[in-house]
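The file protein17.tsv contains TSV, C-alpha atoms:
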```tsv
chain	number	residue	atom	x	y	z
A	832	MET	CA	-11.70	-14.39	-13.01
A	833	VAL	CA	-15.09	-16.07	-13.27
A	834	GLY	CA	-17.08	-16.12	-10.05
A	835	CYS	CA	-17.17	-19.92	-9.81
A	836	GLN	CA	-13.40	-20.34	-10.20
A	837	GLU	CA	-11.12	-20.94	-7.23
A	838	PRO	CA	-9.51	-17.57	-6.34
A	839	ILE	CA	-5.75	-17.38	-6.77
A	840	ILE	CA	-3.43	-17.37	-3.78
A	841	GLU	CA	0.34	-16.91	-3.86
A	842	PHE	CA	2.65	-18.25	-1.17
A	843	PRO	CA	6.19	-16.95	-0.64
A	844	GLN	CA	8.92	-18.82	-2.48
A	845	GLU	CA	11.85	-20.38	-0.68
A	846	SER	CA	15.20	-18.63	-0.77
A	847	ASN	CA	18.68	-20.08	-1.19
A	848	GLU	CA	20.31	-16.75	-0.37
A	849	ASP	CA	22.32	-16.06	2.78
A	850	PRO	CA	20.21	-14.58	5.62
A	851	VAL	CA	20.06	-10.79	5.73
A	852	ASN	CA	21.35	-8.63	8.57
A	853	VAL	CA	19.84	-5.14	8.53
A	854	SER	CA	20.36	-2.34	11.05
A	855	ASP	CA	17.14	-0.62	9.98
A	856	PHE	CA	14.53	-0.98	7.27
A	857	ARG	CA	11.50	0.79	5.90
A	858	ILE	CA	7.93	-0.58	5.75
A	859	VAL	CA	4.74	0.90	4.27
A	860	SER	CA	1.04	0.03	4.56
A	861	TYR	CA	-1.31	1.11	1.78
A	862	ASN	CA	-5.00	0.61	0.97
A	863	ILE	CA	-4.85	0.83	-2.83
A	864	HIS	CA	-8.65	1.32	-3.20
A	865	GLY	CA	-8.68	-1.14	-6.07
A	866	GLY	CA	-6.12	1.02	-7.90
A	867	LYS	CA	-8.42	4.03	-8.29
A	868	GLY	CA	-8.40	7.55	-6.85
A	869	PRO	CA	-10.95	8.86	-4.29
A	870	ASN	CA	-13.53	9.42	-7.04
A	871	GLY	CA	-12.38	6.77	-9.49
A	872	GLU	CA	-9.49	8.78	-10.92
A	873	GLY	CA	-6.80	7.10	-13.00
A	874	ASP	CA	-6.30	3.46	-13.87
A	875	PHE	CA	-4.82	0.58	-11.94
A	876	ARG	CA	-1.45	0.28	-13.66
A	877	SER	CA	-0.62	3.99	-13.79
A	878	ASN	CA	-1.78	4.59	-10.20
A	879	LEU	CA	0.23	1.68	-8.81
A	880	GLN	CA	3.28	2.68	-10.85
A	881	SER	CA	2.99	6.20	-9.44
A	882	PHE	CA	2.83	4.78	-5.94
A	883	HIS	CA	5.88	2.62	-6.61
A	884	ASP	CA	7.72	5.73	-7.79
A	885	LEU	CA	6.91	7.49	-4.48
A	886	LEU	CA	8.68	4.86	-2.39
A	887	GLN	CA	11.94	5.80	-0.71
A	888	GLY	CA	13.70	2.50	-0.21
A	889	GLU	CA	10.99	0.38	1.38
A	890	SER	CA	11.91	-3.23	2.06
A	891	ILE	CA	8.34	-4.37	2.83
A	892	VAL	CA	5.04	-3.20	1.33
A	893	CYS	CA	1.65	-4.21	2.78
A	894	MET	CA	-1.37	-3.67	0.51
A	895	GLN	CA	-5.11	-3.93	1.09
A	896	GLU	CA	-7.97	-4.08	-1.45
A	897	VAL	CA	-5.98	-5.99	-4.03
A	898	GLU	CA	-8.32	-7.71	-6.48
A	899	PRO	CA	-7.09	-11.11	-7.72
A	900	ASP	CA	-7.36	-10.04	-11.38
A	901	CYS	CA	-4.87	-7.24	-10.65
A	902	TRP	CA	-2.32	-9.34	-8.76
A	903	PRO	CA	-0.24	-10.15	-11.90
A	904	ALA	CA	0.04	-6.41	-12.65
A	905	ILE	CA	1.22	-5.68	-9.11
A	906	LYS	CA	3.87	-8.40	-9.38
A	907	SER	CA	5.06	-6.80	-12.62
A	908	ILE	CA	5.17	-3.25	-11.23
A	909	PHE	CA	6.77	-4.37	-7.95
A	910	SER	CA	9.14	-6.87	-9.52
A	911	ASP	CA	11.93	-5.58	-7.26
A	912	PHE	CA	10.10	-7.22	-4.34
A	913	GLU	CA	11.03	-10.85	-4.87
A	914	TYR	CA	9.14	-12.43	-1.97
A	915	ARG	CA	5.35	-12.14	-2.10
A	916	TYR	CA	2.32	-13.35	-0.19
A	917	PHE	CA	-1.18	-12.77	-1.56
A	918	VAL	CA	-4.40	-14.01	0.07
A	919	PRO	CA	-7.84	-13.35	-1.45
A	920	GLN	CA	-10.86	-12.23	0.57
A	921	LEU	CA	-14.32	-12.99	-0.77
A	922	SER	CA	-17.74	-11.45	-0.38
A	923	THR	CA	-20.01	-13.99	1.34
A	924	LYS	CA	-23.24	-12.17	0.50
A	925	PHE	CA	-25.63	-14.48	-1.35
A	926	GLY	CA	-25.54	-13.91	-5.10
A	927	THR	CA	-22.43	-11.71	-4.90
A	928	HIS	CA	-19.13	-12.79	-6.43
A	929	LYS	CA	-16.86	-9.90	-5.42
A	930	GLU	CA	-13.20	-10.65	-4.70
A	931	GLY	CA	-10.53	-8.63	-2.95
A	932	GLY	CA	-7.36	-9.49	-1.10
A	933	ASN	CA	-4.35	-8.49	0.95
A	934	ALA	CA	-0.70	-8.74	-0.03
A	935	ILE	CA	2.74	-8.52	1.52
A	936	LEU	CA	5.68	-7.80	-0.79
A	937	SER	CA	9.18	-8.14	0.66
A	938	LYS	CA	12.78	-7.73	-0.41
A	939	PHE	CA	13.74	-10.02	2.50
A	940	PRO	CA	13.13	-13.80	2.33
A	941	ILE	CA	10.02	-14.92	4.22
A	942	ALA	CA	10.84	-17.75	6.63
A	943	ALA	CA	7.26	-18.62	7.63
A	944	TYR	CA	3.76	-17.46	6.78
A	945	GLU	CA	0.14	-18.00	7.74
A	946	ASN	CA	-3.29	-16.45	7.30
A	947	ARG	CA	-6.31	-16.53	9.59
A	948	LEU	CA	-9.96	-15.61	9.09
A	949	ILE	CA	-10.61	-13.09	11.86
A	950	GLN	CA	-14.28	-12.33	11.22
A	951	THR	CA	-16.85	-11.72	8.48
A	952	ASP	CA	-18.60	-8.37	8.06
A	953	PRO	CA	-22.18	-8.50	9.34
A	954	GLY	CA	-23.50	-6.11	6.68
A	955	GLY	CA	-22.90	-4.84	3.17
A	956	ASP	CA	-21.17	-7.44	1.02
A	957	LYS	CA	-20.26	-9.46	4.12
A	958	TRP	CA	-16.57	-9.55	3.33
A	959	GLU	CA	-14.18	-12.08	4.82
A	960	ARG	CA	-11.53	-10.37	6.92
A	961	LYS	CA	-8.25	-12.29	7.00
A	962	ALA	CA	-5.02	-11.47	8.78
A	963	LEU	CA	-1.69	-12.29	7.12
A	964	TYR	CA	1.35	-13.22	9.21
A	965	VAL	CA	4.95	-13.47	8.00
A	966	ARG	CA	8.14	-14.20	9.90
A	967	VAL	CA	11.28	-12.67	8.40
A	968	TYR	CA	14.89	-13.10	9.51
A	969	ILE	CA	16.48	-9.66	9.91
A	970	GLY	CA	19.54	-10.58	12.01
A	971	LEU	CA	21.42	-8.29	14.42
A	972	ASP	CA	19.49	-7.21	17.54
A	973	HIS	CA	16.00	-8.64	17.03
A	974	HIS	CA	16.91	-11.61	14.79
A	975	TYR	CA	13.31	-11.93	13.55
A	976	LEU	CA	10.51	-9.67	12.39
A	977	ASN	CA	6.97	-10.92	13.08
A	978	LEU	CA	4.64	-8.93	10.83
A	979	PHE	CA	0.84	-9.06	11.09
A	980	HIS	CA	-1.11	-7.43	8.27
A	981	TYR	CA	-4.87	-6.84	8.49
A	982	HIS	CA	-7.75	-5.05	6.79
A	983	ASN	CA	-10.44	-4.75	9.44
A	984	THR	CA	-14.24	-4.92	9.15
A	985	TYR	CA	-16.14	-1.84	8.03
A	986	ASN	CA	-19.77	-1.76	9.21
A	987	TRP	CA	-20.48	1.99	8.96
A	988	HIS	CA	-19.50	2.32	12.65
A	989	GLU	CA	-22.94	1.22	13.80
A	990	SER	CA	-23.52	0.81	17.55
A	991	ASN	CA	-20.44	2.86	18.45
A	992	SER	CA	-18.23	0.94	15.99
A	993	ALA	CA	-19.05	-2.38	17.67
A	994	SER	CA	-18.10	-4.58	14.69
A	995	GLU	CA	-14.95	-2.60	13.93
A	996	LYS	CA	-13.80	-2.82	17.55
A	997	ALA	CA	-14.61	-6.53	17.68
A	998	GLY	CA	-12.48	-7.04	14.58
A	999	ILE	CA	-9.43	-5.42	16.17
A	1000	GLU	CA	-9.98	-7.33	19.42
A	1001	ARG	CA	-10.07	-10.63	17.54
A	1002	PHE	CA	-7.05	-9.59	15.49
A	1003	ILE	CA	-5.09	-8.91	18.68
A	1004	ASN	CA	-6.25	-12.23	20.12
A	1005	TYR	CA	-4.75	-13.88	17.04
A	1006	VAL	CA	-1.50	-11.93	17.48
A	1007	ASN	CA	-1.33	-12.95	21.16
A	1008	SER	CA	-1.96	-16.59	20.26
A	1009	LYS	CA	1.45	-16.67	18.54
A	1010	GLN	CA	3.14	-16.14	21.95
A	1011	LEU	CA	5.78	-13.88	20.46
A	1012	SER	CA	9.15	-13.28	22.04
A	1013	ASN	CA	9.69	-9.79	23.46
A	1014	SER	CA	13.24	-9.88	22.08
A	1015	GLU	CA	11.99	-10.08	18.48
A	1016	LEU	CA	10.56	-7.19	16.45
A	1017	ASN	CA	6.77	-7.42	16.32
A	1018	VAL	CA	4.78	-5.18	13.98
A	1019	LEU	CA	1.10	-4.66	13.17
A	1020	ALA	CA	0.15	-2.94	9.91
A	1021	GLY	CA	-2.98	-2.28	7.91
A	1022	ASP	CA	-6.28	-0.51	7.47
A	1023	MET	CA	-7.86	-0.90	10.92
A	1024	ASN	CA	-11.03	1.08	10.08
A	1025	LEU	CA	-10.71	2.75	13.48
A	1026	SER	CA	-9.11	5.96	14.71
A	1027	LYS	CA	-5.86	5.92	16.67
A	1028	SER	CA	-7.69	6.64	19.93
A	1029	ASP	CA	-9.99	3.64	19.41
A	1030	CYS	CA	-7.10	1.38	18.38
A	1031	ASP	CA	-5.03	2.49	21.37
A	1032	GLN	CA	-7.78	1.29	23.72
A	1033	ILE	CA	-7.40	-2.23	22.30
A	1034	ILE	CA	-3.73	-2.51	21.25
A	1035	SER	CA	-1.39	-2.72	24.24
A	1036	ASN	CA	0.92	0.26	24.62
A	1037	GLN	CA	3.29	-1.96	26.59
A	1038	GLU	CA	3.63	-4.47	23.76
A	1039	PHE	CA	3.41	-1.94	20.90
A	1040	PRO	CA	4.65	1.40	22.29
A	1041	ASN	CA	5.52	2.98	18.91
A	1042	SER	CA	3.08	3.81	16.14
A	1043	VAL	CA	2.29	5.96	13.12
A	1044	TYR	CA	-1.07	6.52	11.50
A	1045	SER	CA	-3.04	8.48	8.93
A	1046	TRP	CA	-6.82	8.38	9.41
A	1047	VAL	CA	-7.57	4.63	9.84
A	1048	ASP	CA	-4.27	3.30	8.47
A	1049	HIS	CA	-1.73	2.28	11.10
A	1050	ILE	CA	1.65	0.74	11.79
A	1051	TYR	CA	2.37	-0.37	15.38
A	1052	SER	CA	5.79	-1.61	16.46
A	1053	SER	CA	7.30	-3.18	19.56
A	1054	GLY	CA	10.62	-1.62	18.57
A	1055	LEU	CA	11.92	1.86	17.94
A	1056	MET	CA	10.74	3.85	14.94
A	1057	LEU	CA	13.57	6.03	13.65
A	1058	SER	CA	11.20	8.05	11.49
A	1059	SER	CA	7.67	7.78	10.13
A	1060	GLY	CA	5.10	9.58	8.03
A	1061	HIS	CA	2.77	9.16	5.09
A	1062	TYR	CA	2.75	9.50	1.33
A	1063	SER	CA	0.19	11.91	-0.15
A	1064	THR	CA	-1.59	9.24	-2.17
A	1065	TYR	CA	-4.98	10.83	-1.48
A	1066	GLU	CA	-3.97	14.29	-2.72
A	1067	LEU	CA	-2.34	12.68	-5.77
A	1068	ASN	CA	-5.65	10.93	-6.61
A	1069	LEU	CA	-4.03	7.49	-6.35
A	1070	SER	CA	-6.34	6.16	-3.60
A	1071	ASP	CA	-8.87	7.27	-1.00
A	1072	HIS	CA	-6.24	6.48	1.69
A	1073	GLN	CA	-2.81	7.82	2.54
A	1074	ALA	CA	0.00	5.25	2.64
A	1075	VAL	CA	1.75	5.23	6.03
A	1076	TRP	CA	5.43	4.34	6.39
A	1077	SER	CA	8.00	3.82	9.12
A	1078	VAL	CA	11.73	3.16	9.43
A	1079	LEU	CA	12.25	0.48	12.08
A	1080	CYS	CA	15.42	0.07	14.12
A	1081	ASN	CA	17.19	-3.30	14.42
A	1082	SER	CA	20.45	-2.30	16.09
A	1083	ASP	CA	21.89	0.22	18.53
A	1084	CYS	CA	20.16	3.18	16.85
```

Could you render the structure as structure tokens?
Amino acid sequence: MVGCQEPIIEFPQESNEDPVNVSDFRIVSYNIHGGKGPNGEGDFRSNLQSFHDLLQGESIVCMQEVEPDCWPAIKSIFSDFEYRYFVPQLSTKFGTHKEGGNAILSKFPIAAYENRLIQTDPGGDKWERKALYVRVYIGLDHHYLNLFHYHNTYNWHESNSASEKAGIERFINYVNSKQLSNSELNVLAGDMNLSKSDCDQIISNQEFPNSVYSWVDHIYSSGLMLSSGHYSTYELNLSDHQAVWSVLCNSDC
């Protein structure tokens, strides 16, 4: 991509298939670190293929730090995820033309989708920080999954992580603006750039009582998690983050 070109964006395609009804399903959130290991190990395609091979039946994959140039390769590697939503995030620093992005890949049809600019980093490359929202019909008990995916501001935790905390507060304000039904399954996933203790002070335990995390990567759920954990993507030199996963209940589990 040339810096002056319009960055690519991919919206989910419509589905003509019958709606799914799933009693439980598996979701993972992963900061791919641009497809490189903690110290630049490996290459994009081999690292992402290795991550794909680690998966244990995930139905939804959330990814952060996806560069637009690499999006076609991800679609090829994750071709078994038919429904995809990719939104670029740009550096707004003067004279800088860096591009990143967030993606949601799903095996379930996506009924609705939206993205929202939450805030822009005050320092560094002054990245845009956008939240992605998808609504997925899952049938049975909850009927719908409302998934919010976010890669929060990183400002070197200056002033007691003021910018990072503000980013999560504004993210939650966006989530609350959707006026979600308590009967549906509501999930937050992403790289929050804050510890669990800091996130827990902002994210309501009443609304999202179940969670799993590794370092700054989190999944919060309004519904029951049957199991959860992380993949050792850091130790395998696939990224500088661990991928976190959870199996979510959608029936009488």

### Message
Using all atoms listed in the file, can you tell me which of A:Leu886, A:Ala943, A:Leu1011, A:Ile1050 comes closest to Ser846 (chain A)?
### Response
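Of all the options, A:Ala943 lies closest to Ser846 (chain A).
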
### Task
Find the spatial neighbours of Leu971 (chain A), counting all atoms listed in the file, within a cut-off of 9 Å - ignore same-chain residues fewer than 3 positions away - and output them as a ChimeraX atom specification.
/A:852-854,974-975,1081-1082

Based on the selection just made, write C-alpha atoms of those residues as a PDB file, in the frame of the given file.
```pdb
ATOM      1  CA  ASN A 852      21.350  -8.630   8.570  1.00  0.00           C
ATOM      2  CA  VAL A 853      19.840  -5.140   8.530  1.00  0.00           C
ATOM      3  CA  SER A 854      20.360  -2.340  11.050  1.00  0.00           C
ATOM      4  CA  HIS A 974      16.910 -11.610  14.790  1.00  0.00           C
ATOM      5  CA  TYR A 975      13.310 -11.930  13.550  1.00  0.00           C
ATOM      6  CA  ASN A1081      17.190  -3.300  14.420  1.00  0.00           C
ATOM      7  CA  SER A1082      20.450  -2.300  16.090  1.00  0.00           C
TER       8      SER A1082
END
```

For region 894-906 of chain A, please output as an mmCIF file with C-alpha atoms, in the coordinates of the input all residues within 9 Å (counting all atoms listed in the file; exclusion window: fewer than 4 positions along the same chain).
```cif
data_model
loop_
_atom_site.group_PDB
_atom_site.id
_atom_site.type_symbol
_atom_site.label_atom_id
_atom_site.label_comp_id
_atom_site.auth_asym_id
_atom_site.auth_seq_id
_atom_site.Cartn_x
_atom_site.Cartn_y
_atom_site.Cartn_z
ATOM 1 C CA MET A 832 -11.700 -14.390 -13.010
ATOM 2 C CA PRO A 838 -9.510 -17.570 -6.340
ATOM 3 C CA ILE A 839 -5.750 -17.380 -6.770
ATOM 4 C CA ILE A 840 -3.430 -17.370 -3.780
ATOM 5 C CA VAL A 859 4.740 0.900 4.270
ATOM 6 C CA SER A 860 1.040 0.030 4.560
ATOM 7 C CA TYR A 861 -1.310 1.110 1.780
ATOM 8 C CA ASN A 862 -5.000 0.610 0.970
ATOM 9 C CA ILE A 863 -4.850 0.830 -2.830
ATOM 10 C CA HIS A 864 -8.650 1.320 -3.200
ATOM 11 C CA GLY A 865 -8.680 -1.140 -6.070
ATOM 12 C CA GLY A 866 -6.120 1.020 -7.900
ATOM 13 C CA PHE A 875 -4.820 0.580 -11.940
ATOM 14 C CA ARG A 876 -1.450 0.280 -13.660
ATOM 15 C CA LEU A 879 0.230 1.680 -8.810
ATOM 16 C CA GLN A 880 3.280 2.680 -10.850
ATOM 17 C CA SER A 910 9.140 -6.870 -9.520
ATOM 18 C CA ASP A 911 11.930 -5.580 -7.260
ATOM 19 C CA PHE A 912 10.100 -7.220 -4.340
ATOM 20 C CA GLU A 913 11.030 -10.850 -4.870
ATOM 21 C CA ARG A 915 5.350 -12.140 -2.100
ATOM 22 C CA PHE A 917 -1.180 -12.770 -1.560
ATOM 23 C CA VAL A 918 -4.400 -14.010 0.070
ATOM 24 C CA PRO A 919 -7.840 -13.350 -1.450
ATOM 25 C CA GLN A 920 -10.860 -12.230 0.570
ATOM 26 C CA LYS A 929 -16.860 -9.900 -5.420
ATOM 27 C CA GLU A 930 -13.200 -10.650 -4.700
ATOM 28 C CA GLY A 931 -10.530 -8.630 -2.950
ATOM 29 C CA GLY A 932 -7.360 -9.490 -1.100
ATOM 30 C CA ASN A 933 -4.350 -8.490 0.950
ATOM 31 C CA ALA A 934 -0.700 -8.740 -0.030
ATOM 32 C CA ILE A 935 2.740 -8.520 1.520
ATOM 33 C CA LEU A 936 5.680 -7.800 -0.790
ATOM 34 C CA HIS A 980 -1.110 -7.430 8.270
ATOM 35 C CA TYR A 981 -4.870 -6.840 8.490
ATOM 36 C CA HIS A 982 -7.750 -5.050 6.790
ATOM 37 C CA GLY A 1021 -2.980 -2.280 7.910
ATOM 38 C CA ASP A 1022 -6.280 -0.510 7.470
#
```

### Message
Which residues are close to Ser1077 (chain A), i.e. within 7 Å by all atoms listed in the file, leaving aside same-chain residues fewer than 2 positions away? Reply as a ChimeraX atom specification.
### Response
/A:857-859,1056,1058-1060,1079

### Query
What is the distance between CA of Thr951 (chain A) and CA of Gly926 (chain A), in Å to one decimal?
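Straight-line distance from CA of Thr951 (chain A) to CA of Gly926 (chain A) works out to 16.3 Å.
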
### Task
Do a neighbour search on Glu1015 (chain A) at 12 Å with all atoms listed in the file, toss out local chain neighbours closer than 4 positions, and write the hits as a PyMOL selection string.
chain A and resi 966-978+1010-1011+1038+1052-1055+1080-1082

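When all atoms listed in the file are used to compute distances to Asn983 (chain A), the closest of the residues A:Gln950, A:Asn1007, A:Ser937, A:Gln887 turns out to be A:Gln950.
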
### Query
Any idea what the distance is between CA of Leu948 (chain A) and CA of Asn1004 (chain A)?
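Going from CA of Leu948 (chain A) over to CA of Asn1004 (chain A), I get 12.1 Å.
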
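Between CA of Glu1066 (chain A) and CA of Ser1028 (chain A) the separation is 24.2 Å.
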
### Query
For Tyr1065 (chain A), which of A:Ser890, A:Phe882, A:Ala942, A:Phe842 is the closest residue, counting all atoms listed in the file?
A:Phe882

Region 983-999 of chain A: axis-aligned bounding box, 5 Å on each side, centre and edge lengths in Å, one decimal, as JSON:
```
{"center_x": -16.5, "center_y": -2.1, "center_z": 13.2, "size_x": 24.1, "size_y": 19.9, "size_z": 20.4}
```

### Query
From the list A:Tyr914, A:Phe1039, A:Trp987, A:Trp1076, which residue is nearest Ser1063 (chain A) when using all atoms listed in the file?
A:Trp1076

### Message
Calculated over only C-alpha atoms, which of the candidates A:Asn1024, A:Gln844, A:Gln1032, A:Asn1013 has the smallest distance to Asp1048 (chain A)?
### Response
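Of A:Asn1024, A:Gln844, A:Gln1032, A:Asn1013, the one nearest Asp1048 (chain A), counting only C-alpha atoms, is A:Asn1024.
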
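Residue nearest His988 (chain A), chosen from A:Ile949, A:Leu1025, A:Val1047, A:Cys1030 and counting only C-alpha atoms: A:Leu1025.
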